[in-house]
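Engineer: Supplied structure: start_9.txt, compact mmCIF, C-alpha atoms and all ligand atoms.
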```txt
# COMPACT_ATOMS: atom_id res chain seq x y z
CA MET A 1 -105.00 -191.68 104.13
CA SER A 2 -104.26 -194.96 105.83
CA GLU A 3 -106.72 -194.20 108.60
CA THR A 4 -109.40 -193.50 105.97
CA ILE A 5 -108.67 -196.84 104.31
CA LEU A 6 -108.97 -198.58 107.64
CA SER A 7 -112.28 -197.01 108.58
CA ALA A 8 -113.74 -197.62 105.13
CA GLU A 9 -112.55 -201.22 104.93
CA PRO A 10 -115.65 -203.00 106.29
CA ALA A 11 -118.07 -201.04 104.09
CA ILE A 12 -115.95 -201.45 100.96
CA ARG A 13 -115.47 -205.16 101.49
CA LEU A 14 -119.08 -205.91 102.39
CA SER A 15 -120.55 -203.97 99.47
CA ILE A 16 -118.21 -205.49 96.89
CA PHE A 17 -118.77 -208.94 98.36
CA LEU A 18 -122.55 -208.64 98.17
CA GLY A 19 -122.42 -207.07 94.71
CA VAL A 20 -120.21 -209.79 93.25
CA LEU A 21 -122.18 -212.55 94.99
CA ALA A 22 -125.45 -211.21 93.54
CA ALA A 23 -123.90 -210.86 90.09
CA MET A 24 -122.59 -214.43 90.16
CA ALA A 25 -125.92 -215.80 91.42
CA LEU A 26 -127.76 -214.13 88.54
CA TRP A 27 -125.12 -215.28 86.04
CA GLU A 28 -125.44 -218.85 87.34
CA VAL A 29 -129.18 -218.75 86.68
CA ALA A 30 -128.74 -217.21 83.23
CA ALA A 31 -125.91 -219.45 81.98
CA PRO A 32 -125.18 -222.46 84.21
CA ARG A 33 -122.20 -224.70 83.38
CA ARG A 34 -123.33 -227.85 85.18
CA ARG A 35 -126.60 -229.28 86.40
CA ARG A 36 -127.02 -228.97 90.18
CA ASP A 37 -127.30 -232.16 92.20
CA ILE A 38 -128.24 -230.61 95.52
CA PRO A 39 -130.98 -228.01 96.08
CA ARG A 40 -129.46 -224.58 96.27
CA VAL A 41 -131.28 -223.67 99.46
CA ILE A 42 -129.44 -226.36 101.46
CA ARG A 43 -125.97 -225.52 100.21
CA TRP A 44 -126.44 -221.78 100.25
CA THR A 45 -127.75 -221.83 103.80
CA ASN A 46 -124.75 -223.90 104.91
CA ASN A 47 -122.12 -221.97 103.01
CA LEU A 48 -123.43 -218.50 103.80
CA ALA A 49 -123.94 -219.31 107.48
CA LEU A 50 -120.33 -220.45 107.53
CA VAL A 51 -119.12 -217.07 106.22
CA VAL A 52 -120.83 -215.36 109.14
CA VAL A 53 -119.33 -217.82 111.64
CA ASP A 54 -115.88 -217.48 110.03
CA THR A 55 -116.01 -213.69 110.11
CA VAL A 56 -117.07 -213.56 113.75
CA ILE A 57 -114.38 -216.04 114.82
CA LEU A 58 -111.74 -214.18 112.81
CA ARG A 59 -112.63 -210.82 114.34
CA LEU A 60 -112.74 -212.26 117.85
CA THR A 61 -109.40 -214.05 117.44
CA PHE A 62 -107.32 -211.36 115.81
CA PRO A 63 -107.38 -207.88 117.35
CA ILE A 64 -105.97 -206.59 114.09
CA ILE A 65 -106.23 -208.02 110.60
CA ALA A 66 -104.10 -207.59 107.51
CA VAL A 67 -105.09 -204.06 106.45
CA GLY A 68 -104.84 -202.83 110.04
CA LEU A 69 -101.38 -204.31 110.40
CA ALA A 70 -100.27 -202.63 107.16
CA VAL A 71 -101.40 -199.27 108.58
CA MET A 72 -99.56 -199.98 111.81
CA ALA A 73 -96.43 -201.03 109.89
CA GLU A 74 -96.53 -197.76 107.92
CA ASP A 75 -96.75 -195.79 111.19
CA ARG A 76 -93.91 -197.64 112.84
CA GLY A 77 -91.63 -198.25 109.89
CA TRP A 78 -91.91 -202.02 109.88
CA GLY A 79 -91.16 -204.18 106.86
CA LEU A 80 -89.29 -203.86 103.60
CA PHE A 81 -91.29 -201.20 101.79
CA ASN A 82 -91.37 -198.91 104.82
CA ASN A 83 -87.57 -198.90 104.80
CA ILE A 84 -86.69 -198.54 101.13
CA ASP A 85 -87.50 -195.85 98.64
CA ALA A 86 -89.49 -197.81 96.09
CA PRO A 87 -92.02 -196.04 93.88
CA PHE A 88 -95.54 -196.34 95.30
CA TRP A 89 -96.88 -198.29 92.32
CA VAL A 90 -93.99 -200.77 92.53
CA ALA A 91 -94.72 -201.31 96.21
CA ILE A 92 -98.39 -201.90 95.41
CA LEU A 93 -97.71 -204.29 92.54
CA VAL A 94 -95.01 -206.32 94.26
CA SER A 95 -97.04 -206.53 97.48
CA MET A 96 -100.11 -207.84 95.71
CA LEU A 97 -98.04 -210.35 93.72
CA LEU A 98 -96.27 -211.66 96.82
CA LEU A 99 -99.50 -211.88 98.81
CA ASP A 100 -100.99 -213.92 95.98
CA LEU A 101 -97.94 -216.19 95.85
CA ALA A 102 -98.19 -216.67 99.62
CA ILE A 103 -101.85 -217.68 99.32
CA TYR A 104 -100.98 -220.09 96.51
CA LEU A 105 -98.23 -221.71 98.59
CA GLN A 106 -100.49 -221.87 101.60
CA HIS A 107 -103.10 -223.69 99.52
CA VAL A 108 -100.46 -226.22 98.39
CA MET A 109 -99.57 -226.78 102.07
CA PHE A 110 -103.24 -227.28 102.97
CA HIS A 111 -103.25 -230.21 100.55
CA ALA A 112 -99.79 -231.58 101.42
CA ILE A 113 -99.91 -231.62 105.23
CA PRO A 114 -102.46 -234.11 106.60
CA ALA A 115 -103.51 -231.98 109.61
CA LEU A 116 -104.16 -229.02 107.33
CA TRP A 117 -105.93 -231.16 104.74
CA ARG A 118 -108.41 -232.25 107.42
CA LEU A 119 -109.44 -228.59 107.69
CA HIS A 120 -109.26 -227.77 104.01
CA ARG A 121 -111.22 -230.79 102.83
CA MET A 122 -114.31 -229.05 104.17
CA HIS A 123 -113.93 -226.77 101.15
CA HIS A 124 -113.64 -229.78 98.85
CA ALA A 125 -116.53 -231.66 100.46
CA ASP A 126 -119.05 -229.42 98.70
CA LEU A 127 -120.69 -231.75 96.19
CA ASP A 128 -121.77 -228.96 93.89
CA PHE A 129 -119.62 -226.10 92.73
CA ASP A 130 -120.97 -222.57 92.70
CA ALA A 131 -120.06 -219.11 93.96
CA THR A 132 -120.83 -220.02 97.57
CA THR A 133 -118.33 -222.91 97.43
CA GLY A 134 -115.66 -220.22 97.45
CA LEU A 135 -116.88 -219.15 100.89
CA ARG A 136 -116.98 -222.62 102.36
CA LEU A 137 -113.83 -222.64 104.45
CA HIS A 138 -113.17 -224.09 107.88
CA PRO A 139 -112.85 -221.32 110.51
CA VAL A 140 -109.40 -222.57 111.49
CA GLU A 141 -108.30 -222.40 107.84
CA ILE A 142 -109.44 -218.77 107.84
CA LEU A 143 -107.35 -218.13 110.97
CA VAL A 144 -104.26 -219.85 109.55
CA SER A 145 -104.68 -217.92 106.34
CA MET A 146 -104.89 -214.63 108.23
CA GLY A 147 -101.76 -215.62 110.17
CA VAL A 148 -99.92 -216.12 106.87
CA LYS A 149 -101.13 -212.76 105.53
CA LEU A 150 -100.12 -210.99 108.75
CA ALA A 151 -96.63 -212.50 108.52
CA VAL A 152 -96.26 -211.39 104.90
CA VAL A 153 -97.52 -207.89 105.77
CA ALA A 154 -95.15 -207.60 108.73
CA ALA A 155 -92.15 -208.63 106.63
CA LEU A 156 -93.05 -206.68 103.53
CA GLY A 157 -94.53 -203.48 104.94
CA PRO A 158 -96.87 -203.09 101.95
CA PRO A 159 -98.98 -199.97 101.36
CA ALA A 160 -102.29 -200.46 103.21
CA ILE A 161 -104.19 -199.80 99.99
CA ALA A 162 -102.39 -202.76 98.36
CA VAL A 163 -103.52 -205.07 101.16
CA LEU A 164 -107.08 -203.79 100.95
CA MET A 165 -107.12 -204.23 97.16
CA PHE A 166 -105.69 -207.71 97.54
CA GLU A 167 -108.31 -208.72 100.10
CA VAL A 168 -111.16 -207.34 98.00
CA LEU A 169 -109.77 -208.99 94.86
CA LEU A 170 -109.24 -212.33 96.56
CA ASN A 171 -112.80 -212.26 97.84
CA ALA A 172 -114.22 -211.31 94.44
CA THR A 173 -112.15 -213.82 92.46
CA ALA A 174 -113.03 -216.60 94.91
CA LEU A 175 -116.71 -215.95 94.16
CA PHE A 176 -116.02 -215.72 90.42
CA ASN A 177 -113.79 -218.75 90.00
CA HIS A 178 -116.18 -221.01 91.90
CA ALA A 179 -119.22 -219.78 90.00
CA ASN A 180 -121.26 -222.31 88.05
CA ILE A 181 -121.18 -220.16 84.95
CA ASP A 182 -120.71 -221.05 81.33
CA LEU A 183 -118.06 -218.74 79.94
CA PRO A 184 -117.70 -219.01 76.18
CA ARG A 185 -114.63 -221.21 75.54
CA PRO A 186 -112.65 -218.55 73.62
CA VAL A 187 -113.27 -216.06 76.44
CA ASP A 188 -112.13 -218.60 79.01
CA ARG A 189 -109.00 -219.33 76.99
CA VAL A 190 -107.95 -215.67 76.98
CA LEU A 191 -109.15 -214.84 80.48
CA ARG A 192 -107.30 -217.72 82.11
CA LEU A 193 -104.01 -216.23 80.97
CA PHE A 194 -104.59 -213.47 83.54
CA VAL A 195 -107.01 -214.74 86.15
CA VAL A 196 -108.18 -218.11 87.46
CA THR A 197 -111.45 -218.89 85.68
CA PRO A 198 -114.24 -221.19 86.91
CA ASP A 199 -113.27 -223.88 84.39
CA MET A 200 -109.70 -223.73 85.67
CA HIS A 201 -110.58 -223.89 89.36
CA ARG A 202 -113.30 -226.52 88.88
CA VAL A 203 -110.54 -228.99 87.97
CA HIS A 204 -109.26 -228.50 91.53
CA HIS A 205 -112.62 -229.70 92.90
CA SER A 206 -112.54 -232.99 90.96
CA VAL A 207 -112.70 -236.22 93.00
CA ASP A 208 -109.72 -237.47 90.96
CA PRO A 209 -106.75 -236.86 93.31
CA ARG A 210 -104.44 -235.93 90.46
CA GLU A 211 -106.84 -233.15 89.52
CA THR A 212 -107.56 -232.17 93.14
CA ASN A 213 -103.83 -231.61 93.58
CA SER A 214 -103.61 -229.10 90.75
CA ASN A 215 -104.73 -225.52 89.99
CA TYR A 216 -104.15 -224.14 93.48
CA GLY A 217 -104.28 -220.49 92.39
CA PHE A 218 -107.13 -218.20 93.42
CA ASN A 219 -106.28 -214.94 91.67
CA LEU A 220 -103.39 -215.33 89.28
CA PRO A 221 -103.04 -218.48 87.18
CA TRP A 222 -99.29 -217.99 86.76
CA TRP A 223 -98.06 -219.78 89.88
CA ASP A 224 -99.65 -223.05 88.76
CA ARG A 225 -98.13 -222.73 85.31
CA LEU A 226 -94.69 -221.76 86.66
CA LEU A 227 -94.58 -224.39 89.38
CA GLY A 228 -95.98 -227.30 87.39
CA THR A 229 -99.36 -227.68 89.09
CA TYR A 230 -101.49 -226.63 86.14
CA ILE A 231 -104.06 -228.93 84.54
CA ALA A 232 -106.02 -227.28 81.75
CA GLN A 233 -109.20 -229.39 81.76
CA PRO A 234 -110.68 -232.29 83.76
CA ALA A 235 -110.18 -235.71 82.13
CA LYS A 236 -113.91 -236.45 82.17
CA GLY A 237 -114.93 -233.01 80.94
CA HIS A 238 -116.68 -230.34 82.97
CA GLU A 239 -120.11 -231.94 82.71
CA GLY A 240 -118.90 -235.50 83.29
CA MET A 241 -116.47 -234.92 86.15
CA ASP A 242 -117.44 -235.69 89.74
CA ILE A 243 -117.09 -232.87 92.24
CA GLY A 244 -116.06 -233.47 95.84
CA ILE A 245 -113.77 -235.88 97.66
CA GLU A 246 -113.76 -239.59 96.87
CA GLN A 247 -114.27 -240.66 100.48
CA PHE A 248 -117.31 -238.43 101.02
CA SER A 249 -119.06 -238.35 97.71
CA HIS A 250 -121.34 -240.49 95.60
CA ALA A 251 -120.79 -243.50 97.84
CA PRO A 252 -123.08 -246.42 97.03
CA ARG A 253 -123.54 -247.19 100.74
CA PRO A 254 -124.85 -244.76 103.35
CA LEU A 255 -122.05 -242.41 104.26
CA ALA A 256 -120.16 -243.12 107.42
CA ARG A 257 -119.75 -240.16 109.68
CA PRO A 258 -116.67 -238.25 108.57
CA ASP A 259 -113.95 -238.84 111.13
CA ALA A 260 -112.54 -236.19 113.45
CA GLY A 261 -115.69 -234.13 113.07
CA SER A 262 -114.06 -231.83 110.56
CA THR A 263 -117.07 -231.71 108.29
CA ARG A 264 -120.65 -231.10 109.11
CA PRO A 265 -123.28 -233.70 108.30
CA ARG A 266 -124.53 -232.80 104.89
CA PRO A 267 -128.13 -233.46 104.00
CA GLY A 268 -129.10 -234.34 100.48
CA LEU A 269 -126.29 -236.82 99.88
CA GLY A 270 -128.67 -239.62 99.04
CA SER A 271 -129.81 -237.89 95.89
CA CYS A 272 -126.45 -237.82 94.18
CA ALA A 273 -125.57 -241.50 93.90
ZN ZN B 301 -107.89 -227.03 97.71
ZN ZN B 302 -112.10 -224.03 95.59
```
Rewrite the coordinates I just gave you, this time as structure tokens.
Structural biologist:
Amino acid sequence: MSETILSAEPAIRLSIFLGVLAAMALWEVAAPRRRRDIPRVIRWTNNLALVVVDTVILRLTFPIIAVGLAVMAEDRGWGLFNNIDAPFWVAILVSMLLLDLAIYLQHVMFHAIPALWRLHRMHHADLDFDATTGLRLHPVEILVSMGVKLAVVAALGPPAIAVLMFEVLLNATALFNHANIDLPRPVDRVLRLFVVTPDMHRVHHSVDPRETNSNYGFNLPWWDRLLGTYIAQPAKGHEGMDIGIEQFSHAPRPLARPDAGSTRPRPGLGSCA
């Protein structure tokens, strides 16, 4: 079964990715939450091109990625769950929870450690917030993130299906919780008890540092609530808040070149002052 999962992984992931992306794009047109400042064509071209670059670099760097390592661990008896007799569903559930916690903690680290923040701020430098923002990640951040997932998989020995489901879910929720969609408030209130909603994650993209350093979760909202990093709503409201990073956004003077070359020059900045 594991071999089947492995061979089906690219097709499953690509089709769900494209399906969710298309659904979010349509939803954004039908019920947008905020007015766009930057033409979609510019941001979408940038963000989608980056996904392709990221994927190529990831595949060239790692001979094996998380699902593949889980299959290998099953074969060779590596990791906790390949050495204890836990029920299959428990192994799946615990593995997905711990992978999500690891991704949450990694995100906190990407904000806390200056060298990592220089990579991660590329994600925050998007001046609008829509589904493609969720894809806008520095290639090195993708590599670090895969390193973290590989370490968790090696230690935990999770069922390969759990890792595949986690990867697919993380991809889908990243598109969903960055989407510029207007969920009815009561729906958002209930939904955010179980999953990070766009209104919850948008707070994380505020230029206000207190808000930037909150709501780190991507899938489950519980880690933020448990560990004290949860902010329910942006102080200026979702329509009034500024998206981006203070140093790069809405500057009255022409923008200086970002230092260390960690962000690309972004056209269209002049229109958002
Ligand atoms: Zn962040
Ligand atoms: Zn984000």
Engineer: Compile the contact shell of Glu211 of chain A as a ChimeraX atom specification: residues with an atom at most 12 Å away, counting only C-alpha atoms, same-chain residues fewer than 2 positions apart removed.
Structural biologist: /A:111,200-209,213-216,229-237,241-246
Engineer: Need to verify the contact set: segment 19-32 of chain A, 9 Å, only C-alpha atoms, exclusion of same-chain residues closer than 6 positions in sequence. Can you return it as a PyMOL selection string?
Structural biologist: chain A and resi 130-132+172+175-176+179-183
Engineer: In terms of the shortest atom-to-atom distance over all atoms listed in the file, which of A:Phe88, A:Phe110, A:Phe81, A:Phe62 is closest to ligand ZN 301 (chain B)?
Structural biologist: A:Phe110
Engineer: I want to know what sits within 7 Å of Ala125 of chain A, based on only C-alpha atoms, with residues of the same chain fewer than 2 positions away left out; could you give that as a PyMOL selection string?
Structural biologist: chain A and resi 121-123+127+244-245+248
Engineer: So how far away is atom CA of Met109 of chain A from atom CA of Gly68 of chain A, in Å?
Structural biologist: 25.8 Å
Engineer: From the options A:Ala49, A:Leu105, A:Ile57, A:Ile64, which residue's atoms come nearest to ligand ZN 301 (chain B), counting only C-alpha atoms and all ligand atoms?
Structural biologist: A:Leu105
Engineer: Quick one: of A:Val52, A:Val195, A:Ile161, A:Ala112, who's nearest to ligand ZN 301 (chain B), counting all atoms listed in the file?
Structural biologist: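 Using all atoms listed in the file, ligand ZN 301 (chain B) sits closest to A:Ala112.
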Engineer: Hey, can you check how far atom CA of Pro63 of chain A sits from atom CA of His138 of chain A?
Structural biologist: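 We find that atom CA of Pro63 of chain A and atom CA of His138 of chain A lie 19.6 Å from each other.
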Engineer: Just want the 8 Å neighbourhood of Leu164 of chain A, counted on only C-alpha atoms, with same-chain residues fewer than 3 positions away dropped. Output as a PDB file with C-alpha atoms, in the coordinates of the input.
Structural biologist:
```pdb
ATOM      1  CA  ILE A   5    -108.670-196.840 104.310  1.00  0.00           C
ATOM      2  CA  GLU A   9    -112.550-201.220 104.930  1.00  0.00           C
ATOM      3  CA  VAL A  67    -105.090-204.060 106.450  1.00  0.00           C
ATOM      4  CA  ALA A 160    -102.290-200.460 103.210  1.00  0.00           C
ATOM      5  CA  ILE A 161    -104.190-199.800  99.990  1.00  0.00           C
ATOM      6  CA  GLU A 167    -108.310-208.720 100.100  1.00  0.00           C
ATOM      7  CA  VAL A 168    -111.160-207.340  98.000  1.00  0.00           C
TER       8      VAL A 168
END
```
Engineer: Residues near Phe194 of chain A, anyone? I mean within 9 Å using all atoms listed in the file, not counting same-chain ones fewer than 5 positions away, as a PDB file with C-alpha atoms, in the coordinates of the input.
Structural biologist:
```pdb
ATOM      1  CA  ASN A 219    -106.280-214.940  91.670  1.00  0.00           C
ATOM      2  CA  LEU A 220    -103.390-215.330  89.280  1.00  0.00           C
ATOM      3  CA  PRO A 221    -103.040-218.480  87.180  1.00  0.00           C
ATOM      4  CA  TRP A 222     -99.290-217.990  86.760  1.00  0.00           C
TER       5      TRP A 222
END
```
Engineer: Under the rule that only C-alpha atoms are counted, which of A:Gly77, A:Pro158, A:Gly134, A:Gly228 is the nearest residue to Leu98 of chain A?
Structural biologist: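 Closest to Leu98 of chain A of all the choices is A:Pro158.
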Engineer: Taking into account only C-alpha atoms and all ligand atoms, which residue in the set A:Asp188, A:Glu141, A:Asp75, A:Asp128 is nearest to ligand ZN 301 (chain B)?
Structural biologist: A:Glu141
